[in-house]
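Undergrad: My file is final-v4.txt. It has compact mmCIF, N, CA and C atoms:
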```
# COMPACT_ATOMS: atom_id res chain seq x y z
N MET A 1 102.32 156.06 116.02
CA MET A 1 102.65 156.57 117.34
C MET A 1 101.37 156.59 118.20
N PHE A 2 101.52 156.17 119.42
CA PHE A 2 100.37 156.12 120.31
C PHE A 2 100.35 157.33 121.22
N ASP A 3 99.16 157.81 121.48
CA ASP A 3 99.00 159.04 122.24
C ASP A 3 99.29 158.86 123.73
N VAL A 4 98.82 157.76 124.28
CA VAL A 4 98.91 157.53 125.72
C VAL A 4 99.25 156.07 125.96
N SER A 5 100.14 155.80 126.90
CA SER A 5 100.40 154.44 127.32
C SER A 5 99.97 154.30 128.78
N ILE A 6 99.16 153.32 129.06
CA ILE A 6 98.71 153.13 130.45
C ILE A 6 99.87 152.78 131.37
N TYR A 7 101.00 152.39 130.79
CA TYR A 7 102.16 152.03 131.59
C TYR A 7 102.99 153.23 131.99
N ASP A 8 102.76 154.37 131.36
CA ASP A 8 103.55 155.57 131.64
C ASP A 8 102.80 156.61 132.44
N ILE A 9 101.61 156.29 132.90
CA ILE A 9 100.79 157.29 133.59
C ILE A 9 100.34 156.77 134.95
N LYS A 10 99.95 157.70 135.77
CA LYS A 10 99.29 157.35 137.02
C LYS A 10 97.80 157.40 136.77
N ASP A 11 97.06 156.63 137.54
CA ASP A 11 95.61 156.58 137.43
C ASP A 11 95.18 156.14 136.03
N SER A 12 95.61 154.95 135.65
CA SER A 12 95.30 154.42 134.32
C SER A 12 93.80 154.29 134.09
N ASP A 13 93.01 154.21 135.16
CA ASP A 13 91.57 154.06 135.02
C ASP A 13 90.93 155.26 134.33
N LYS A 14 91.59 156.41 134.35
CA LYS A 14 91.08 157.58 133.64
C LYS A 14 91.14 157.38 132.13
N TYR A 15 92.01 156.52 131.66
CA TYR A 15 92.22 156.31 130.24
C TYR A 15 91.61 155.02 129.71
N LEU A 16 91.73 153.96 130.50
CA LEU A 16 91.24 152.66 130.07
C LEU A 16 90.81 151.85 131.28
N ARG A 17 89.65 151.20 131.12
CA ARG A 17 89.15 150.36 132.19
C ARG A 17 88.44 149.17 131.57
N PHE A 18 88.75 147.98 132.06
CA PHE A 18 88.07 146.76 131.63
C PHE A 18 86.91 146.50 132.58
N ILE A 19 85.76 146.20 132.02
CA ILE A 19 84.55 145.98 132.83
C ILE A 19 83.93 144.65 132.41
N ILE A 20 83.56 143.85 133.39
CA ILE A 20 82.92 142.56 133.15
C ILE A 20 81.41 142.75 133.16
N TYR A 21 80.75 142.32 132.08
CA TYR A 21 79.31 142.41 131.97
C TYR A 21 78.72 141.00 131.85
N PRO A 22 78.07 140.51 132.93
CA PRO A 22 77.42 139.19 132.85
C PRO A 22 76.23 139.23 131.89
N ASN A 23 76.06 138.15 131.16
CA ASN A 23 74.90 138.03 130.26
C ASN A 23 73.71 137.37 130.95
N ASN A 24 74.00 136.63 132.03
CA ASN A 24 72.94 135.95 132.76
C ASN A 24 73.46 135.58 134.15
N ASP A 25 72.62 134.92 134.94
CA ASP A 25 72.99 134.56 136.31
C ASP A 25 74.05 133.48 136.39
N GLU A 26 74.27 132.77 135.32
CA GLU A 26 75.24 131.67 135.30
C GLU A 26 76.54 132.09 134.61
N PHE A 27 76.91 133.36 134.76
CA PHE A 27 78.06 133.89 134.04
C PHE A 27 79.38 133.22 134.42
N MET A 28 79.45 132.59 135.59
CA MET A 28 80.70 131.93 135.99
C MET A 28 80.81 130.50 135.46
N SER A 29 79.83 130.05 134.71
CA SER A 29 79.89 128.67 134.21
C SER A 29 80.49 128.57 132.82
N SER A 30 80.59 129.70 132.10
CA SER A 30 81.10 129.63 130.73
C SER A 30 81.56 130.99 130.25
N ILE A 31 82.54 130.99 129.36
CA ILE A 31 83.01 132.26 128.79
C ILE A 31 81.95 132.88 127.88
N ASP A 32 80.93 132.13 127.52
CA ASP A 32 79.85 132.67 126.68
C ASP A 32 78.84 133.47 127.48
N ASN A 33 78.95 133.44 128.81
CA ASN A 33 77.95 134.08 129.67
C ASN A 33 78.36 135.45 130.20
N PHE A 34 79.44 136.02 129.67
CA PHE A 34 79.82 137.38 130.06
C PHE A 34 80.63 138.02 128.94
N GLU A 35 80.74 139.32 129.01
CA GLU A 35 81.51 140.09 128.04
C GLU A 35 82.56 140.92 128.78
N ILE A 36 83.67 141.17 128.11
CA ILE A 36 84.67 142.10 128.63
C ILE A 36 84.54 143.37 127.78
N LYS A 37 84.14 144.44 128.41
CA LYS A 37 83.98 145.72 127.70
C LYS A 37 85.13 146.64 128.08
N LEU A 38 85.44 147.53 127.18
CA LEU A 38 86.47 148.54 127.43
C LEU A 38 85.81 149.90 127.56
N ASP A 39 86.11 150.56 128.65
CA ASP A 39 85.69 151.94 128.85
C ASP A 39 86.98 152.75 128.73
N TYR A 40 87.02 153.68 127.79
CA TYR A 40 88.27 154.40 127.55
C TYR A 40 88.00 155.87 127.23
N SER A 41 89.01 156.67 127.51
CA SER A 41 88.90 158.10 127.27
C SER A 41 89.18 158.41 125.81
N GLN A 42 88.85 159.61 125.42
CA GLN A 42 89.12 160.06 124.05
C GLN A 42 90.62 160.03 123.76
N GLU A 43 91.44 160.33 124.76
CA GLU A 43 92.90 160.31 124.58
C GLU A 43 93.42 158.91 124.24
N PHE A 44 92.68 157.90 124.64
CA PHE A 44 93.12 156.51 124.44
C PHE A 44 92.44 155.85 123.24
N GLU A 45 91.51 156.54 122.61
CA GLU A 45 90.75 155.96 121.51
C GLU A 45 91.66 155.50 120.36
N HIS A 46 92.65 156.29 120.03
CA HIS A 46 93.59 155.94 118.95
C HIS A 46 94.25 154.59 119.25
N ASN A 47 94.69 154.39 120.48
CA ASN A 47 95.32 153.14 120.88
C ASN A 47 94.35 151.95 120.77
N VAL A 48 93.13 152.15 121.23
CA VAL A 48 92.13 151.08 121.20
C VAL A 48 91.87 150.64 119.77
N GLU A 49 91.74 151.61 118.88
CA GLU A 49 91.45 151.29 117.47
C GLU A 49 92.65 150.64 116.78
N HIS A 50 93.83 151.23 116.90
CA HIS A 50 94.99 150.74 116.17
C HIS A 50 95.56 149.43 116.72
N LEU A 51 95.36 149.18 117.98
CA LEU A 51 95.83 147.93 118.57
C LEU A 51 94.72 146.87 118.61
N ALA A 52 93.53 147.23 118.14
CA ALA A 52 92.38 146.32 118.14
C ALA A 52 92.15 145.72 119.52
N LEU A 53 92.20 146.58 120.54
CA LEU A 53 92.13 146.10 121.92
C LEU A 53 90.81 145.41 122.26
N LYS A 54 89.71 145.84 121.66
CA LYS A 54 88.42 145.21 121.97
C LYS A 54 88.44 143.73 121.61
N SER A 55 88.87 143.42 120.41
CA SER A 55 88.89 142.01 120.01
C SER A 55 90.03 141.27 120.69
N LEU A 56 91.16 141.92 120.88
CA LEU A 56 92.30 141.29 121.53
C LEU A 56 91.95 140.84 122.95
N TYR A 57 91.39 141.73 123.74
CA TYR A 57 91.07 141.36 125.12
C TYR A 57 89.85 140.45 125.19
N GLY A 58 89.03 140.42 124.16
CA GLY A 58 87.93 139.46 124.11
C GLY A 58 88.42 138.02 124.05
N THR A 59 89.66 137.83 123.61
CA THR A 59 90.23 136.48 123.56
C THR A 59 90.70 135.99 124.92
N HIS A 60 90.66 136.86 125.91
CA HIS A 60 91.14 136.49 127.25
C HIS A 60 89.99 136.21 128.22
N LYS A 61 88.85 135.84 127.70
CA LYS A 61 87.70 135.55 128.56
C LYS A 61 87.96 134.35 129.47
N ASP A 62 88.74 133.38 129.01
CA ASP A 62 89.07 132.24 129.85
C ASP A 62 89.87 132.69 131.07
N TYR A 63 90.73 133.66 130.87
CA TYR A 63 91.54 134.21 131.97
C TYR A 63 90.63 134.94 132.98
N VAL A 64 89.68 135.70 132.48
CA VAL A 64 88.76 136.42 133.37
C VAL A 64 87.86 135.43 134.10
N LEU A 65 87.44 134.36 133.43
CA LEU A 65 86.63 133.34 134.10
C LEU A 65 87.40 132.72 135.26
N GLU A 66 88.68 132.48 135.04
CA GLU A 66 89.53 131.96 136.11
C GLU A 66 89.60 132.95 137.28
N ILE A 67 89.70 134.23 137.00
CA ILE A 67 89.70 135.26 138.03
C ILE A 67 88.40 135.21 138.83
N MET A 68 87.28 135.08 138.14
CA MET A 68 85.99 135.03 138.82
C MET A 68 85.90 133.82 139.75
N LYS A 69 86.44 132.71 139.31
CA LYS A 69 86.40 131.50 140.15
C LYS A 69 87.34 131.63 141.35
N LYS A 70 88.50 132.26 141.13
CA LYS A 70 89.42 132.48 142.26
C LYS A 70 88.78 133.39 143.30
N LYS A 71 87.98 134.34 142.85
CA LYS A 71 87.28 135.23 143.79
C LYS A 71 86.38 134.42 144.71
N GLU A 72 85.72 133.41 144.15
CA GLU A 72 84.83 132.58 144.96
C GLU A 72 85.62 131.65 145.89
N ILE A 73 86.74 131.15 145.43
CA ILE A 73 87.55 130.22 146.20
C ILE A 73 88.27 130.91 147.36
N TYR A 74 88.94 132.02 147.05
CA TYR A 74 89.78 132.71 148.04
C TYR A 74 88.98 133.75 148.81
N THR A 75 88.22 133.27 149.78
CA THR A 75 87.49 134.17 150.66
C THR A 75 88.47 134.91 151.56
N LYS A 76 88.02 135.98 152.19
CA LYS A 76 88.90 136.73 153.10
C LYS A 76 89.41 135.83 154.22
N ALA A 77 88.55 134.97 154.73
CA ALA A 77 88.96 134.06 155.81
C ALA A 77 90.03 133.09 155.32
N LEU A 78 89.85 132.54 154.13
CA LEU A 78 90.82 131.59 153.61
C LEU A 78 92.16 132.28 153.31
N ILE A 79 92.09 133.49 152.79
CA ILE A 79 93.33 134.25 152.52
C ILE A 79 94.10 134.47 153.82
N GLY A 80 93.39 134.85 154.87
CA GLY A 80 94.04 135.03 156.17
C GLY A 80 94.65 133.73 156.68
N GLU A 81 93.93 132.64 156.51
CA GLU A 81 94.42 131.34 156.95
C GLU A 81 95.66 130.91 156.16
N ILE A 82 95.64 131.11 154.87
CA ILE A 82 96.80 130.77 154.03
C ILE A 82 98.01 131.58 154.46
N TYR A 83 97.79 132.85 154.71
CA TYR A 83 98.91 133.72 155.12
C TYR A 83 99.49 133.27 156.46
N GLU A 84 98.61 132.98 157.42
CA GLU A 84 99.06 132.54 158.74
C GLU A 84 99.78 131.19 158.67
N ASN A 85 99.27 130.27 157.87
CA ASN A 85 99.85 128.93 157.78
C ASN A 85 101.15 128.88 156.98
N ASN A 86 101.48 129.96 156.31
CA ASN A 86 102.70 130.01 155.50
C ASN A 86 103.58 131.16 155.93
N GLU A 87 103.62 131.40 157.22
CA GLU A 87 104.42 132.49 157.77
C GLU A 87 105.88 132.33 157.34
N GLY A 88 106.43 133.41 156.84
CA GLY A 88 107.81 133.41 156.40
C GLY A 88 107.99 133.10 154.93
N LEU A 89 106.98 132.49 154.30
CA LEU A 89 107.08 132.17 152.88
C LEU A 89 106.97 133.43 152.02
N PHE A 90 106.13 134.37 152.46
CA PHE A 90 105.93 135.61 151.74
C PHE A 90 106.43 136.78 152.56
N SER A 91 106.99 137.78 151.89
CA SER A 91 107.49 138.95 152.60
C SER A 91 106.35 139.86 153.05
N SER A 92 105.18 139.71 152.42
CA SER A 92 104.02 140.52 152.78
C SER A 92 102.75 139.84 152.31
N LYS A 93 101.62 140.32 152.80
CA LYS A 93 100.34 139.78 152.35
C LYS A 93 100.12 140.10 150.87
N GLU A 94 100.61 141.26 150.43
CA GLU A 94 100.49 141.64 149.02
C GLU A 94 101.23 140.65 148.12
N GLU A 95 102.42 140.21 148.55
CA GLU A 95 103.18 139.23 147.77
C GLU A 95 102.40 137.92 147.67
N MET A 96 101.76 137.52 148.76
CA MET A 96 100.97 136.31 148.75
C MET A 96 99.78 136.45 147.80
N LEU A 97 99.13 137.61 147.79
CA LEU A 97 97.99 137.83 146.90
C LEU A 97 98.40 137.75 145.44
N ILE A 98 99.58 138.27 145.12
CA ILE A 98 100.09 138.18 143.75
C ILE A 98 100.27 136.71 143.37
N ALA A 99 100.78 135.91 144.30
CA ALA A 99 100.97 134.48 144.03
C ALA A 99 99.61 133.77 143.87
N LEU A 100 98.65 134.08 144.72
CA LEU A 100 97.33 133.43 144.64
C LEU A 100 96.57 133.84 143.38
N TYR A 101 96.61 135.12 143.08
CA TYR A 101 95.83 135.63 141.96
C TYR A 101 96.55 135.53 140.63
N GLY A 102 97.84 135.23 140.65
CA GLY A 102 98.58 135.00 139.42
C GLY A 102 99.00 136.24 138.67
N ASN A 103 98.88 137.40 139.30
CA ASN A 103 99.29 138.62 138.61
C ASN A 103 99.33 139.77 139.61
N TYR A 104 99.90 140.86 139.15
CA TYR A 104 99.94 142.07 139.96
C TYR A 104 98.55 142.68 140.03
N ILE A 105 98.26 143.34 141.14
CA ILE A 105 96.92 143.86 141.36
C ILE A 105 96.92 145.33 141.75
N GLU A 106 98.10 145.93 141.79
CA GLU A 106 98.23 147.34 142.16
C GLU A 106 98.57 148.17 140.93
N GLU A 107 98.05 149.38 140.88
CA GLU A 107 98.28 150.31 139.78
C GLU A 107 99.76 150.48 139.44
N VAL A 108 100.59 150.60 140.45
CA VAL A 108 102.02 150.88 140.21
C VAL A 108 102.74 149.69 139.58
N ASP A 109 102.12 148.52 139.57
CA ASP A 109 102.77 147.32 139.07
C ASP A 109 102.24 146.81 137.73
N ILE A 110 101.26 147.49 137.14
CA ILE A 110 100.62 146.93 135.95
C ILE A 110 101.55 146.79 134.75
N HIS A 111 102.67 147.45 134.78
CA HIS A 111 103.63 147.33 133.67
C HIS A 111 104.54 146.12 133.80
N LYS A 112 104.47 145.40 134.91
CA LYS A 112 105.42 144.33 135.20
C LYS A 112 105.08 142.98 134.59
N ARG A 113 103.83 142.77 134.23
CA ARG A 113 103.42 141.44 133.77
C ARG A 113 102.25 141.56 132.79
N PRO A 114 102.21 140.72 131.76
CA PRO A 114 101.09 140.76 130.82
C PRO A 114 99.75 140.56 131.55
N LEU A 115 98.76 141.25 131.09
CA LEU A 115 97.38 141.18 131.58
C LEU A 115 97.19 141.72 132.99
N ALA A 116 98.18 142.41 133.53
CA ALA A 116 98.05 142.94 134.89
C ALA A 116 96.94 143.98 134.99
N LYS A 117 96.78 144.82 133.98
CA LYS A 117 95.71 145.83 134.00
C LYS A 117 94.36 145.13 133.96
N LEU A 118 94.21 144.13 133.11
CA LEU A 118 92.97 143.35 133.05
C LEU A 118 92.71 142.67 134.39
N THR A 119 93.73 142.12 135.00
CA THR A 119 93.60 141.47 136.30
C THR A 119 93.15 142.47 137.36
N LYS A 120 93.84 143.59 137.44
CA LYS A 120 93.51 144.63 138.42
C LYS A 120 92.06 145.08 138.26
N ASP A 121 91.66 145.37 137.04
CA ASP A 121 90.30 145.86 136.79
C ASP A 121 89.26 144.77 137.07
N SER A 122 89.57 143.53 136.74
CA SER A 122 88.62 142.44 136.98
C SER A 122 88.40 142.24 138.48
N TYR A 123 89.46 142.21 139.24
CA TYR A 123 89.30 142.05 140.69
C TYR A 123 88.59 143.24 141.31
N SER A 124 88.88 144.41 140.80
CA SER A 124 88.20 145.61 141.29
C SER A 124 86.71 145.55 140.94
N ASP A 125 86.41 145.17 139.71
CA ASP A 125 85.04 145.06 139.24
C ASP A 125 84.26 144.04 140.05
N LEU A 126 84.92 142.98 140.47
CA LEU A 126 84.27 141.91 141.23
C LEU A 126 84.20 142.21 142.73
N GLY A 127 84.74 143.37 143.13
CA GLY A 127 84.66 143.79 144.53
C GLY A 127 85.67 143.15 145.43
N ILE A 128 86.79 142.69 144.87
CA ILE A 128 87.84 142.08 145.68
C ILE A 128 88.61 143.15 146.44
N PHE A 129 88.90 144.24 145.75
CA PHE A 129 89.71 145.31 146.35
C PHE A 129 88.95 146.61 146.35
```
Is it possible to express this structure as structure tokens?

TA:
Amino acid sequence: MFDVSIYDIKDSDKYLRFIIYPNNDEFMSSIDNFEIKLDYSQEFEHNVEHLALKSLYGTHKDYVLEIMKKKEIYTKALIGEIYENNEGLFSSKEEMLIALYGNYIEEVDIHKRPLAKLTKDSYSDLGIF
């Protein structure tokens, strides 16, 4: 039995947070140049240990590298231009961001798709939101 589920609580960052740690200045060139660390509360420690979350999420470095590259590609100006040029395609700018970034990025949506919490934390860590 698990003590806490990040999908059943508000403010999941109090329990678990993924943090990107670059190993060098060329961290966007290879998955070997950064680490994904987990910062978690004591309440979540049981989950981290029994689900082997540290090693499990370490296997998703390619996904995080893709996020880092999307951050460089999708500047604020380009995002605005894409939204304007595709008027009517998306019901909101948030819907367009989900399509561009490939996952949900809001706390209330992290239960809807695999890796959404990792995505949210990565974009937050990179200063996107």

Undergrad: List the spatial neighbours of Lys69 (chain A) as a VMD selection string - criterion: any atom at most 7 Å away, only N, CA and C atoms, same-chain residues fewer than 5 positions off excluded.

TA: chain A and resid 28 64 74

Undergrad: So how many Å separate CA of Val48 (chain A) and CA of Ile110 (chain A), to one decimal?

TA: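 If I compute the distance from CA of Val48 (chain A) to CA of Ile110 (chain A), I get 17.5 Å.
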
Undergrad: Which distance in Å separates atom C of Tyr104 (chain A) and CA of Phe34 (chain A), to one decimal?

TA: 21.9 Å

Undergrad: Interatomic distance between CA of Gly58 (chain A) and CA of Leu97 (chain A)?

TA: 25.0 Å

Undergrad: Neighbours of Ile36 (chain A) within 7 Å (all atoms listed in the file; same-chain residues fewer than 6 positions away dropped), as a list in words?

TA: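 Returned residues: Phe18, Ile19, Ile20, Tyr21, Tyr57, Gly58 and Lys61 of chain A.
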
Undergrad: Have a look at A:Asp109, A:Ala99, A:Thr59, A:Lys70 and name the one nearest to Tyr83 (chain A); count only C-alpha atoms.

TA: A:Ala99

Undergrad: With a distance cut-off of 10 Å and only C-alpha atoms, select the neighbouring residues of Asp121 (chain A), excluding the residue or stretch itself and same-chain residues fewer than 4 positions from it, and output the selection as a PyMOL selection string.

TA: chain A and resi 13+16-20+105-107+115-117+125-129

Undergrad: Ranking A:Asp25, A:Met96, A:Lys14, A:Ala52 by minimum distance to Asp39 (chain A) and counting all atoms listed in the file, which one comes first?

TA: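 Checking each of A:Asp25, A:Met96, A:Lys14, A:Ala52 against Asp39 (chain A), counting all atoms listed in the file, the winner is A:Lys14.
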
Undergrad: Going by DSSP on the backbone, which residues of region 34-107 of chain A come out as strand (DSSP E or B)? List them as a ChimeraX atom specification.

TA: /A:34-40

Undergrad: Which protein, DNA or RNA residues are at most 8 Å from (94.3, 138.1, 133.7) in the file's coordinates when you count only N, CA and C atoms, listed as a list in words?

TA: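 Output of the proximity query reads His60, Asp62, Tyr63, Val64, Leu65, Glu66, Ile67, Tyr101, Gly102, Asn103, Pro114, Leu115, Ala116, Lys117, Leu118, Thr119, Lys120 and Ser122 of chain A.
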
Undergrad: Looking only at the backbone, which of the residues in chain A does DSSP tag as alpha helix (DSSP H), as number ranges by chain?

TA: A: 45-50, 53-58, 61-73, 76-85, 93-101, 116-125

Undergrad: Give, as lines of an AutoDock Vina configuration file, the centre coordinates and the x, y and z edge lengths in Å to one decimal for an axis-aligned box around all listed atoms of region 48-54 of chain A, padded by 3 Å on each side.

TA:
```
center_x = 92.1
center_y = 147.9
center_z = 119.2
size_x = 13.4
size_y = 14.4
size_z = 12.1
```
